[in-house]
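A.B. asks: Input structure: upload.txt, which contains compact mmCIF, C-alpha atoms.
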# COMPACT_ATOMS: atom_id res chain seq x y z
CA MET A 1 60.47 -107.08 -232.02
CA GLY A 2 57.04 -105.98 -233.19
CA LYS A 3 54.97 -103.47 -231.31
CA VAL A 4 51.46 -104.47 -230.19
CA ILE A 5 48.76 -101.79 -230.47
CA VAL A 6 45.28 -102.42 -229.06
CA VAL A 7 42.35 -100.45 -230.45
CA THR A 8 39.84 -100.32 -227.62
CA SER A 9 36.93 -98.27 -226.25
CA GLY A 10 34.68 -100.15 -223.84
CA LYS A 11 31.58 -98.96 -225.66
CA GLY A 12 30.47 -100.56 -228.91
CA GLY A 13 29.84 -98.79 -232.21
CA VAL A 14 32.32 -95.97 -231.69
CA GLY A 15 34.63 -96.94 -234.56
CA LYS A 16 37.12 -99.52 -233.28
CA THR A 17 37.07 -101.71 -236.38
CA THR A 18 37.08 -98.72 -238.75
CA THR A 19 40.07 -97.36 -236.81
CA SER A 20 41.91 -100.71 -236.71
CA ALA A 21 41.52 -101.09 -240.47
CA ALA A 22 42.58 -97.50 -241.17
CA VAL A 23 45.57 -97.44 -238.83
CA ALA A 24 46.85 -100.84 -240.00
CA THR A 25 46.54 -99.76 -243.63
CA GLY A 26 48.23 -96.44 -242.88
CA LEU A 27 51.18 -98.13 -241.19
CA ALA A 28 51.57 -100.60 -244.08
CA LEU A 29 51.41 -97.73 -246.61
CA ARG A 30 54.42 -96.27 -244.85
CA GLY A 31 56.33 -99.49 -245.39
CA HIS A 32 55.84 -101.17 -242.01
CA ARG A 33 55.02 -104.85 -241.99
CA THR A 34 51.62 -104.85 -240.29
CA VAL A 35 49.01 -107.40 -239.24
CA VAL A 36 45.55 -106.53 -237.95
CA ILE A 37 43.83 -109.11 -235.71
CA ASP A 38 40.12 -109.41 -235.01
CA PHE A 39 39.58 -110.29 -231.31
CA ASP A 40 35.78 -110.17 -231.51
CA VAL A 41 35.13 -113.91 -231.38
CA GLY A 42 31.69 -114.82 -232.69
CA LEU A 43 31.11 -111.40 -234.24
CA ARG A 44 33.68 -111.32 -237.03
CA ASN A 45 33.61 -108.02 -238.91
CA LEU A 46 37.12 -106.85 -239.58
CA ASP A 47 37.20 -109.09 -242.69
CA LEU A 48 34.24 -107.14 -244.15
CA VAL A 49 35.73 -103.74 -243.35
CA MET A 50 39.04 -104.84 -244.90
CA GLY A 51 37.23 -106.34 -247.90
CA CYS A 52 38.65 -109.85 -247.57
CA GLU A 53 35.58 -111.73 -246.26
CA ARG A 54 35.58 -114.20 -249.15
CA ARG A 55 39.18 -115.19 -248.59
CA VAL A 56 38.83 -116.40 -244.98
CA VAL A 57 39.76 -120.07 -244.73
CA PHE A 58 41.32 -120.51 -241.29
CA ASP A 59 40.94 -118.23 -238.27
CA PHE A 60 42.41 -117.26 -234.89
CA ILE A 61 40.72 -120.16 -233.06
CA ASN A 62 41.96 -122.69 -235.64
CA VAL A 63 45.51 -121.49 -235.05
CA ILE A 64 45.13 -121.55 -231.25
CA ASN A 65 43.75 -125.09 -231.40
CA GLY A 66 46.55 -126.19 -233.70
CA ASP A 67 44.23 -126.98 -236.63
CA ALA A 68 46.11 -124.57 -238.86
CA ASN A 69 49.37 -122.67 -238.75
CA LEU A 70 49.76 -118.90 -238.85
CA ASN A 71 50.76 -118.71 -242.50
CA GLN A 72 47.61 -120.57 -243.52
CA ALA A 73 45.38 -118.20 -241.55
CA LEU A 74 46.93 -114.82 -242.40
CA ILE A 75 45.28 -113.10 -245.37
CA ARG A 76 47.59 -110.93 -247.45
CA ASP A 77 45.96 -107.67 -248.58
CA LYS A 78 45.64 -107.44 -252.35
CA ARG A 79 45.98 -103.64 -252.50
CA ILE A 80 48.81 -102.91 -250.10
CA GLU A 81 52.11 -104.61 -249.61
CA ASN A 82 53.13 -105.54 -246.06
CA LEU A 83 49.51 -105.68 -244.85
CA TYR A 84 47.92 -108.83 -243.43
CA VAL A 85 44.53 -109.57 -241.88
CA PHE A 86 44.09 -112.21 -239.19
CA PRO A 87 40.37 -113.00 -238.98
CA THR A 88 38.60 -114.35 -235.92
CA SER A 89 36.21 -117.25 -235.80
CA GLN A 90 32.43 -117.10 -236.04
CA THR A 91 31.98 -119.71 -233.28
CA ARG A 92 29.91 -118.51 -230.39
CA ASP A 93 32.37 -119.60 -227.73
CA LYS A 94 33.71 -116.32 -226.37
CA ASP A 95 36.18 -118.11 -224.12
CA ALA A 96 37.84 -119.89 -227.03
CA LEU A 97 40.72 -117.41 -226.85
CA LYS A 98 42.80 -119.33 -224.33
CA ARG A 99 45.52 -117.29 -222.71
CA ASP A 100 48.48 -119.59 -223.50
CA GLY A 101 47.31 -120.02 -227.09
CA VAL A 102 47.07 -116.25 -227.58
CA ASP A 103 50.50 -115.81 -225.92
CA ARG A 104 52.02 -118.24 -228.40
CA VAL A 105 50.44 -116.51 -231.42
CA MET A 106 51.51 -113.06 -230.25
CA THR A 107 55.10 -114.16 -229.65
CA GLU A 108 55.17 -115.64 -233.14
CA LEU A 109 53.70 -112.50 -234.77
CA LYS A 110 56.10 -110.18 -232.93
CA LYS A 111 59.02 -111.97 -234.58
CA THR A 112 57.94 -111.19 -238.14
CA PHE A 113 55.81 -108.04 -237.98
CA ASP A 114 56.63 -104.43 -237.09
CA TYR A 115 53.11 -103.66 -235.89
CA ILE A 116 50.38 -105.93 -234.56
CA ILE A 117 47.03 -104.15 -234.36
CA CYS A 118 44.49 -105.80 -232.03
CA ASP A 119 40.89 -104.88 -232.81
CA SER A 120 39.17 -105.31 -229.44
CA PRO A 121 35.54 -106.33 -228.97
CA ALA A 122 33.27 -103.97 -227.01
CA GLY A 123 32.74 -104.51 -223.29
CA ILE A 124 35.10 -105.42 -220.47
CA GLU A 125 34.77 -109.20 -220.64
CA HIS A 126 37.25 -111.93 -221.57
CA GLY A 127 37.61 -110.95 -225.25
CA ALA A 128 38.34 -107.29 -224.51
CA LEU A 129 40.78 -108.15 -221.73
CA THR A 130 42.59 -110.66 -223.96
CA ALA A 131 42.89 -108.03 -226.70
CA LEU A 132 44.50 -105.48 -224.39
CA TYR A 133 46.67 -107.89 -222.37
CA HIS A 134 49.68 -107.87 -224.74
CA ALA A 135 49.48 -104.19 -225.65
CA ASP A 136 52.55 -101.97 -225.73
CA SER A 137 50.43 -99.11 -226.93
CA ALA A 138 46.68 -98.39 -226.88
CA ILE A 139 44.45 -96.31 -229.11
CA ILE A 140 41.36 -95.39 -227.10
CA VAL A 141 38.54 -94.66 -229.52
CA THR A 142 36.02 -92.25 -228.01
CA ASN A 143 32.96 -90.42 -229.27
CA PRO A 144 32.26 -86.96 -227.80
CA GLU A 145 29.29 -88.33 -225.90
CA VAL A 146 28.75 -89.16 -222.19
CA SER A 147 28.47 -92.95 -222.32
CA SER A 148 31.47 -93.35 -224.60
CA VAL A 149 33.66 -91.08 -222.44
CA ARG A 150 32.66 -92.93 -219.28
CA ASP A 151 33.41 -96.34 -220.83
CA SER A 152 36.76 -95.08 -222.14
CA ASP A 153 37.66 -94.02 -218.62
CA ARG A 154 36.88 -97.54 -217.44
CA ILE A 155 39.11 -99.05 -220.15
CA ILE A 156 41.92 -96.64 -219.25
CA GLY A 157 41.70 -98.02 -215.69
CA MET A 158 42.05 -101.56 -217.07
CA LEU A 159 45.05 -100.62 -219.22
CA ALA A 160 46.75 -99.56 -216.00
CA SER A 161 46.00 -102.81 -214.15
CA LYS A 162 45.09 -105.72 -216.42
CA THR A 163 47.86 -105.72 -219.02
CA ARG A 164 51.01 -107.81 -219.18
CA ARG A 165 53.02 -104.63 -218.69
CA ALA A 166 51.07 -103.81 -215.53
CA GLU A 167 51.42 -107.35 -214.18
CA LYS A 168 55.17 -107.42 -214.80
CA ARG A 169 55.56 -103.85 -213.54
CA GLU A 170 57.14 -102.78 -216.80
CA LYS A 171 56.80 -99.36 -218.43
CA PRO A 172 53.04 -98.63 -218.63
CA VAL A 173 51.08 -99.01 -221.86
CA GLU A 174 51.43 -95.89 -224.01
CA GLU A 175 47.95 -94.35 -224.35
CA HIS A 176 46.53 -92.38 -227.28
CA LEU A 177 43.11 -90.79 -227.47
CA LEU A 178 41.33 -90.83 -230.82
CA LEU A 179 38.17 -88.79 -230.92
CA THR A 180 35.83 -90.09 -233.64
CA ARG A 181 32.50 -88.97 -235.11
CA TYR A 182 33.38 -85.42 -234.15
CA SER A 183 31.16 -82.65 -235.41
CA PRO A 184 32.91 -79.24 -235.18
CA GLU A 185 29.67 -77.45 -236.03
CA ARG A 186 27.79 -79.03 -233.12
CA VAL A 187 30.71 -78.29 -230.79
CA ARG A 188 30.54 -74.65 -231.84
CA LYS A 189 26.83 -74.59 -230.94
CA GLY A 190 27.57 -76.10 -227.52
CA GLU A 191 25.68 -79.28 -228.37
CA MET A 192 28.68 -81.61 -228.27
CA LEU A 193 31.63 -82.11 -225.90
CA SER A 194 34.69 -80.41 -227.37
CA VAL A 195 38.15 -81.92 -227.90
CA ASP A 196 39.40 -79.96 -224.91
CA ASP A 197 36.53 -81.18 -222.72
CA VAL A 198 37.28 -84.84 -223.49
CA LYS A 199 41.04 -84.34 -223.12
CA GLU A 200 40.52 -82.68 -219.77
CA ILE A 201 38.20 -85.41 -218.48
CA LEU A 202 40.27 -88.41 -219.63
CA SER A 203 43.76 -86.82 -219.43
CA VAL A 204 45.15 -88.92 -222.28
CA PRO A 205 47.26 -87.34 -225.05
CA LEU A 206 45.31 -86.74 -228.25
CA LEU A 207 46.30 -88.74 -231.33
CA GLY A 208 43.69 -87.30 -233.65
CA ILE A 209 40.18 -86.08 -234.37
CA ILE A 210 38.16 -87.97 -236.96
CA PRO A 211 35.26 -85.82 -238.15
CA GLU A 212 31.81 -87.34 -238.66
CA SER A 213 31.93 -88.18 -242.33
CA GLU A 214 29.72 -89.91 -244.89
CA THR A 215 32.75 -91.52 -246.43
CA VAL A 216 33.21 -93.87 -243.45
CA LEU A 217 29.98 -95.71 -244.33
CA LYS A 218 30.80 -95.64 -248.03
CA ALA A 219 34.21 -97.15 -247.31
CA SER A 220 32.81 -99.98 -245.21
CA ASN A 221 30.11 -100.63 -247.84
CA THR A 222 32.83 -101.41 -250.35
CA GLY A 223 35.33 -103.06 -248.01
CA MET A 224 37.95 -100.38 -248.42
CA PRO A 225 39.74 -98.95 -245.35
CA VAL A 226 38.69 -95.27 -245.22
CA ILE A 227 42.31 -94.08 -245.08
CA LEU A 228 42.64 -95.10 -248.75
CA ASP A 229 40.09 -92.39 -249.61
CA ALA A 230 42.56 -89.52 -249.54
CA ASP A 231 39.93 -86.98 -250.63
CA SER A 232 37.65 -87.58 -247.65
CA PRO A 233 38.06 -85.63 -244.40
CA ALA A 234 38.00 -88.88 -242.37
CA GLY A 235 40.66 -90.44 -244.61
CA ARG A 236 42.90 -87.40 -244.20
CA ALA A 237 42.32 -87.34 -240.47
CA TYR A 238 43.38 -91.00 -240.15
CA GLU A 239 46.45 -90.29 -242.28
CA ASP A 240 47.37 -87.51 -239.82
CA ALA A 241 46.78 -89.79 -236.83
CA VAL A 242 49.10 -92.47 -238.24
CA ALA A 243 51.79 -89.85 -238.91
CA ARG A 244 51.48 -88.58 -235.31
CA PHE A 245 51.64 -92.14 -234.01
CA LEU A 246 54.98 -92.50 -235.79
CA GLY A 247 56.24 -89.36 -234.12
CA GLU A 248 55.54 -86.69 -236.74
CA GLN A 249 54.26 -83.30 -235.60
CA ARG A 250 51.04 -82.39 -237.38
CA GLU A 251 48.59 -79.68 -236.49
CA MET A 252 45.11 -80.87 -235.46
CA ARG A 253 42.52 -80.38 -238.17
CA PHE A 254 38.73 -80.41 -237.94
CA VAL A 255 38.76 -78.76 -234.50
CA MET A 256 36.66 -75.81 -235.65
CA PRO A 257 34.01 -75.75 -238.38
CA GLU A 258 35.24 -74.61 -241.77
CA ARG A 259 33.77 -71.29 -242.79
CA LYS A 260 31.43 -71.83 -245.72
CA ASN A 261 31.69 -68.26 -247.00
CA PHE A 262 32.48 -64.76 -245.89
CA LEU A 263 28.91 -63.61 -245.32
CA ARG A 264 28.06 -66.56 -243.14
CA GLY A 265 31.16 -65.93 -241.08
CA TRP A 266 30.06 -62.35 -240.57
CA PHE A 267 26.36 -62.75 -239.88
CA GLY A 268 26.16 -66.45 -239.04
CA ARG A 269 26.36 -65.90 -235.30
CA ALA A 270 23.27 -63.80 -234.92
CA ALA A 271 21.23 -66.06 -237.17
CA SER A 272 22.08 -69.37 -235.52
CA MET B 273 27.15 -60.59 -226.15
CA SER B 274 25.09 -59.52 -229.14
CA LEU B 275 21.74 -57.78 -229.02
CA PHE B 276 20.15 -61.01 -230.23
CA ASP B 277 21.47 -62.91 -227.21
CA PHE B 278 20.17 -60.15 -224.91
CA PHE B 279 16.57 -60.54 -226.09
CA PHE B 280 16.70 -64.33 -226.43
CA PRO B 281 18.86 -65.59 -223.57
CA LYS B 282 20.31 -69.04 -224.30
CA LYS B 283 19.72 -72.05 -222.14
CA PRO B 284 23.01 -73.45 -220.76
CA ALA B 285 24.69 -75.44 -223.51
CA SER B 286 24.05 -79.17 -223.19
CA ALA B 287 27.75 -79.94 -223.73
CA ALA B 288 28.58 -78.03 -220.55
CA ILE B 289 26.02 -80.09 -218.63
CA ALA B 290 27.52 -83.29 -220.09
CA LYS B 291 31.00 -82.27 -218.98
CA GLU B 292 29.92 -81.46 -215.45
CA ARG B 293 27.97 -84.73 -215.07
CA LEU B 294 30.92 -86.74 -216.37
CA GLN B 295 33.38 -85.07 -214.04
CA ILE B 296 31.21 -85.88 -211.03
CA VAL B 297 30.46 -89.50 -211.92
CA LEU B 298 34.06 -90.27 -212.93
CA ALA B 299 35.52 -88.77 -209.77
CA HIS B 300 33.30 -91.15 -207.83
CA GLU B 301 34.08 -94.20 -209.99
CA ARG B 302 37.84 -93.62 -209.99
CA ALA B 303 37.88 -93.46 -206.19
CA GLY B 304 36.24 -96.89 -205.97
CA ARG B 305 38.40 -98.42 -208.70
CA ASP B 306 41.74 -98.16 -206.89
CA GLY B 307 40.59 -100.45 -204.09
CA PRO B 308 41.67 -104.09 -204.35
CA ASP B 309 38.92 -106.46 -205.46
CA PHE B 310 39.46 -108.96 -202.64
CA LEU B 311 37.63 -106.80 -200.08
CA PRO B 312 34.14 -108.32 -200.53
CA LEU B 313 35.54 -111.87 -200.28
CA LEU B 314 37.67 -110.94 -197.25
CA GLN B 315 34.60 -109.52 -195.57
CA LYS B 316 32.64 -112.71 -196.28
CA GLU B 317 35.34 -115.02 -194.95
CA LEU B 318 35.96 -112.91 -191.86
CA LEU B 319 32.25 -112.98 -191.17
CA ALA B 320 32.22 -116.77 -191.42
CA VAL B 321 35.08 -117.06 -188.88
CA VAL B 322 33.60 -114.55 -186.46
CA ALA B 323 30.19 -116.16 -186.77
CA LYS B 324 31.63 -119.47 -185.54
CA TYR B 325 32.19 -117.89 -182.12
CA ILE B 326 29.90 -114.90 -181.92
CA PRO B 327 26.42 -114.67 -183.37
CA VAL B 328 26.83 -111.83 -185.87
CA LYS B 329 24.73 -110.87 -188.86
CA ASP B 330 25.96 -109.84 -192.32
CA ASP B 331 25.69 -106.13 -191.66
CA MET B 332 27.56 -106.27 -188.34
CA ILE B 333 30.99 -106.59 -189.92
CA ARG B 334 32.60 -103.89 -192.03
CA VAL B 335 35.91 -104.02 -193.89
CA ASN B 336 37.41 -100.79 -195.18
CA LEU B 337 40.65 -99.91 -196.85
CA GLY B 338 41.67 -96.37 -196.02
CA LYS B 339 44.76 -94.21 -196.23
CA ALA B 340 46.72 -92.66 -193.37
CA GLY B 341 49.49 -90.55 -194.85
CA THR B 342 51.50 -92.82 -197.12
CA ALA B 343 50.36 -96.08 -195.50
CA SER B 344 47.24 -98.04 -196.35
CA VAL B 345 45.11 -99.02 -193.37
CA LEU B 346 42.88 -102.05 -193.38
CA GLU B 347 40.12 -101.39 -190.92
CA ILE B 348 37.82 -104.15 -189.68
CA ASN B 349 34.84 -103.29 -187.50
CA VAL B 350 32.81 -105.99 -185.82
CA GLU B 351 29.72 -104.88 -184.04
CA MET B 352 29.18 -107.08 -180.97
CA PRO B 353 25.64 -108.18 -180.35
CA GLY B 354 24.01 -107.01 -177.09
CA ALA B 355 24.59 -109.01 -173.89
CA LYS B 356 20.96 -110.03 -173.75
CA MET B 357 21.02 -111.55 -177.21
CA MET B 358 24.32 -113.32 -176.40
CA LYS B 359 22.70 -114.99 -173.43
CA GLY B 360 19.82 -116.10 -175.59
CA MET B 361 22.17 -117.56 -178.13
CA THR B 362 24.26 -119.50 -175.63
CA ALA B 363 21.09 -120.86 -174.09
CA ALA B 364 19.91 -121.95 -177.49
CA THR B 365 23.16 -123.63 -178.46
CA ALA B 366 23.74 -125.27 -175.12
Output the file's structure as structure tokens, nothing else.

C.D. replies:
Amino acid sequence: MGKVIVVTSGKGGVGKTTTSAAVATGLALRGHRTVVIDFDVGLRNLDLVMGCERRVVFDFINVINGDANLNQALIRDKRIENLYVFPTSQTRDKDALKRDGVDRVMTELKKTFDYIICDSPAGIEHGALTALYHADSAIIVTNPEVSSVRDSDRIIGMLASKTRRAEKREKPVEEHLLLTRYSPERVRKGEMLSVDDVKEILSVPLLGIIPESETVLKASNTGMPVILDADSPAGRAYEDAVARFLGEQREMRFVMPERKNFLRGWFGRAAS
Amino acid sequence: MSLFDFFFPKKPASAAIAKERLQIVLAHERAGRDGPDFLPLLQKELLAVVAKYIPVKDDMIRVNLGKAGTASVLEINVEMPGAKMMKGMTAATA
């Protein structure tokens, strides 16, 4: 039986789609059969981030309505084996994701995939609740910033009450905190909430820290999941996060700023 | 503390302010979140029933869910209108 992972945050623009693409790719690279689903009906973007926008023929809504079957709608990644993208529709009807239709699709996907990554839309409306309903595990994407932390707290509350697991009183959804757009230098200066601050406030175990990095934009420009850029700090950080998700022990990187040189380390404090 | 910091005392770091504000607002929001969401509707329906017999206004009925030890207590307070007003009402409806 496949495991369902929702990538959620409450707030928009924190890196849910970037994370969904990176984590799905990372899991597939490690040999797991993985599908990543876009739940953001009307605002399709996962296809662009995954670089398969010109190959979309059928979508989630088509499958729910019975106009196409799953195999027709799933897009096989050209770079990585075992990786599939399930695009959403560009129709404006946010309520098109009917519960029984989604149930049917999820049951079907769980039979053939090891991991099903659900890229949630922002907000706490129907789309976001549908995305988290089937979750076995949740990656809560948070920026070290007040509004993002508050919205994450709200979503954590919903994971505890609005999921299938909560309704059926099963084992609660496994929660993972992923701190993105983190700037160790600004944390050092006291301008940004630190990893420990966010961990303390949300009390969710930390899956990883993704440093603010230029390569994230470059990757989305070209439709390449950032995890494939093994030289970039963000790519390495996602690689670590996937390894931790699979149970490996890896030390947290990018917590403190890297020392540029010896002199700066020595005199930098007084000058800043 | 370096000599530099002594002559140019720092303002409190903004991250510390952010953390404190978040802790306060989230403590408040979490307390409200655990309550069931039927309370407003229950209050409305109770008001409708009570209003059939006693002339009460919206703000005269209060429904609260509290805790007493391990048990949850549903507390319903109905403020009875004054005797004078009651008389007026009965006269009007009669």

A.B. asks: Can you work out which residues from chain B touch chain A at a cut-off of 6 Å (counting all atoms listed in the file) and hand them back as a ChimeraX atom specification?

C.D. replies: /B:285-287

A.B. asks: Give me, please, the distance in Å between atom CA of B:Ala290 and atom CA of A:Asp196, quoted to one decimal.

C.D. replies: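 Atom CA of A:Asp196 lies 13.2 Å from atom CA of B:Ala290.
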
A.B. asks: Using all atoms listed in the file, which residues of stretch 15-62 of chain A come within 10 Å of stretch 214-235 of chain A, and what is the closest atom pair for each, with the distance in Å to one decimal? Give it as CSV, sorted by chain and residue number.

C.D. replies:
residue,atom,partner,partner_atom,distance
A:Gly15,CA,A:Val216,CA,9.5
A:Thr17,CA,A:Pro225,CA,9.8
A:Thr18,CA,A:Pro225,CA,7.1
A:Thr19,CA,A:Pro225,CA,8.7
A:Ser20,CA,A:Pro225,CA,9.1
A:Ala21,CA,A:Pro225,CA,5.6
A:Ala22,CA,A:Ile227,CA,5.2
A:Val23,CA,A:Ile227,CA,7.8
A:Ala24,CA,A:Pro225,CA,9.1
A:Thr25,CA,A:Pro225,CA,7.1
A:Gly26,CA,A:Ile227,CA,6.7
A:Leu29,CA,A:Leu228,CA,9.4
A:Leu46,CA,A:Gly223,CA,9.4
A:Asp47,CA,A:Gly223,CA,8.3
A:Leu48,CA,A:Gly223,CA,5.7
A:Val49,CA,A:Gly223,CA,4.7
A:Met50,CA,A:Gly223,CA,5.2
A:Gly51,CA,A:Gly223,CA,3.8
A:Cys52,CA,A:Gly223,CA,7.6
A:Glu53,CA,A:Gly223,CA,8.8

A.B. asks: Expressed in Å to a single decimal, how great is the separation between atom CA of A:Leu129 and atom CA of A:Ile155?

C.D. replies: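 If I compute the distance from atom CA of A:Leu129 to atom CA of A:Ile155, I get 9.4 Å.
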
A.B. asks: Counting only C-alpha atoms, what is within 6 Å of stretch 59-65 of chain A, bar same-chain residues fewer than 6 positions away, as a list of chain:residue names?

C.D. replies: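 Returned residues: A:Ala73, A:Pro87, A:Thr88, A:Ser89, A:Gly101.
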
A.B. asks: Counting all atoms listed in the file, what is within 12 Å of A:His126, bar same-chain residues fewer than 5 positions away, as a ChimeraX atom specification?

C.D. replies: /A:39-41,93-99,120-121,131-133,162

A.B. asks: Take the residues that were just selected and, keeping C-alpha atoms, output them as a compact mmCIF listing (two decimals), keeping the file's coordinate frame.

C.D. replies:
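Dumped to out31.txt:
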# COMPACT_ATOMS: atom_id res chain seq x y z
CA PHE A 39 39.58 -110.29 -231.31
CA ASP A 40 35.78 -110.17 -231.51
CA VAL A 41 35.13 -113.91 -231.38
CA ASP A 93 32.37 -119.60 -227.73
CA LYS A 94 33.71 -116.32 -226.37
CA ASP A 95 36.18 -118.11 -224.12
CA ALA A 96 37.84 -119.89 -227.03
CA LEU A 97 40.72 -117.41 -226.85
CA LYS A 98 42.80 -119.33 -224.33
CA ARG A 99 45.52 -117.29 -222.71
CA SER A 120 39.17 -105.31 -229.44
CA PRO A 121 35.54 -106.33 -228.97
CA ALA A 131 42.89 -108.03 -226.70
CA LEU A 132 44.50 -105.48 -224.39
CA TYR A 133 46.67 -107.89 -222.37
CA LYS A 162 45.09 -105.72 -216.42

A.B. asks: Padding of 6 Å on every side, edges along x, y and z, all listed atoms of stretch 331-344 of chain B included: what centre and edge lengths in Å, to one decimal, does that box have, as AutoDock Vina command-line options?

C.D. replies:
--center_x 38.6 --center_y -98.6 --center_z -192.7 --size_x 37.8 --size_y 28.0 --size_z 20.8

A.B. asks: What's the 8 Å shell around A:Ser148, counting only C-alpha atoms, without same-chain residues fewer than 5 positions away, as number ranges by chain?

C.D. replies: A: 9-11, 14, 142-143

A.B. asks: At a cut-off of 12 Å around the point (31.1, -115.4, -182.7) (file coordinates), what residues fall inside when counting only C-alpha atoms? I'd like the answer as a ChimeraX atom specification.

C.D. replies: /B:318-329,332-333,350-353,358,361-362

A.B. asks: To one decimal place, how far is atom CA of A:Ala28 from atom CA of A:Gly42 in Å?

C.D. replies: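 It comes out at 27.0 Å.
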
A.B. asks: Excluding same-chain residues fewer than 2 positions from A:Val6, what lies within 7 Å of it counting only C-alpha atoms, as an mmCIF file with C-alpha atoms, keeping the file's coordinate frame?

C.D. replies:
data_model
loop_
_atom_site.group_PDB
_atom_site.id
_atom_site.type_symbol
_atom_site.label_atom_id
_atom_site.label_comp_id
_atom_site.auth_asym_id
_atom_site.auth_seq_id
_atom_site.Cartn_x
_atom_site.Cartn_y
_atom_site.Cartn_z
ATOM 1 C CA VAL A 4 51.460 -104.470 -230.190
ATOM 2 C CA THR A 8 39.840 -100.320 -227.620
ATOM 3 C CA ILE A 117 47.030 -104.150 -234.360
ATOM 4 C CA CYS A 118 44.490 -105.800 -232.030
ATOM 5 C CA ASP A 119 40.890 -104.880 -232.810
ATOM 6 C CA SER A 120 39.170 -105.310 -229.440
ATOM 7 C CA ALA A 131 42.890 -108.030 -226.700
ATOM 8 C CA LEU A 132 44.500 -105.480 -224.390
ATOM 9 C CA ALA A 135 49.480 -104.190 -225.650
ATOM 10 C CA SER A 137 50.430 -99.110 -226.930
ATOM 11 C CA ALA A 138 46.680 -98.390 -226.880
ATOM 12 C CA ILE A 139 44.450 -96.310 -229.110
#
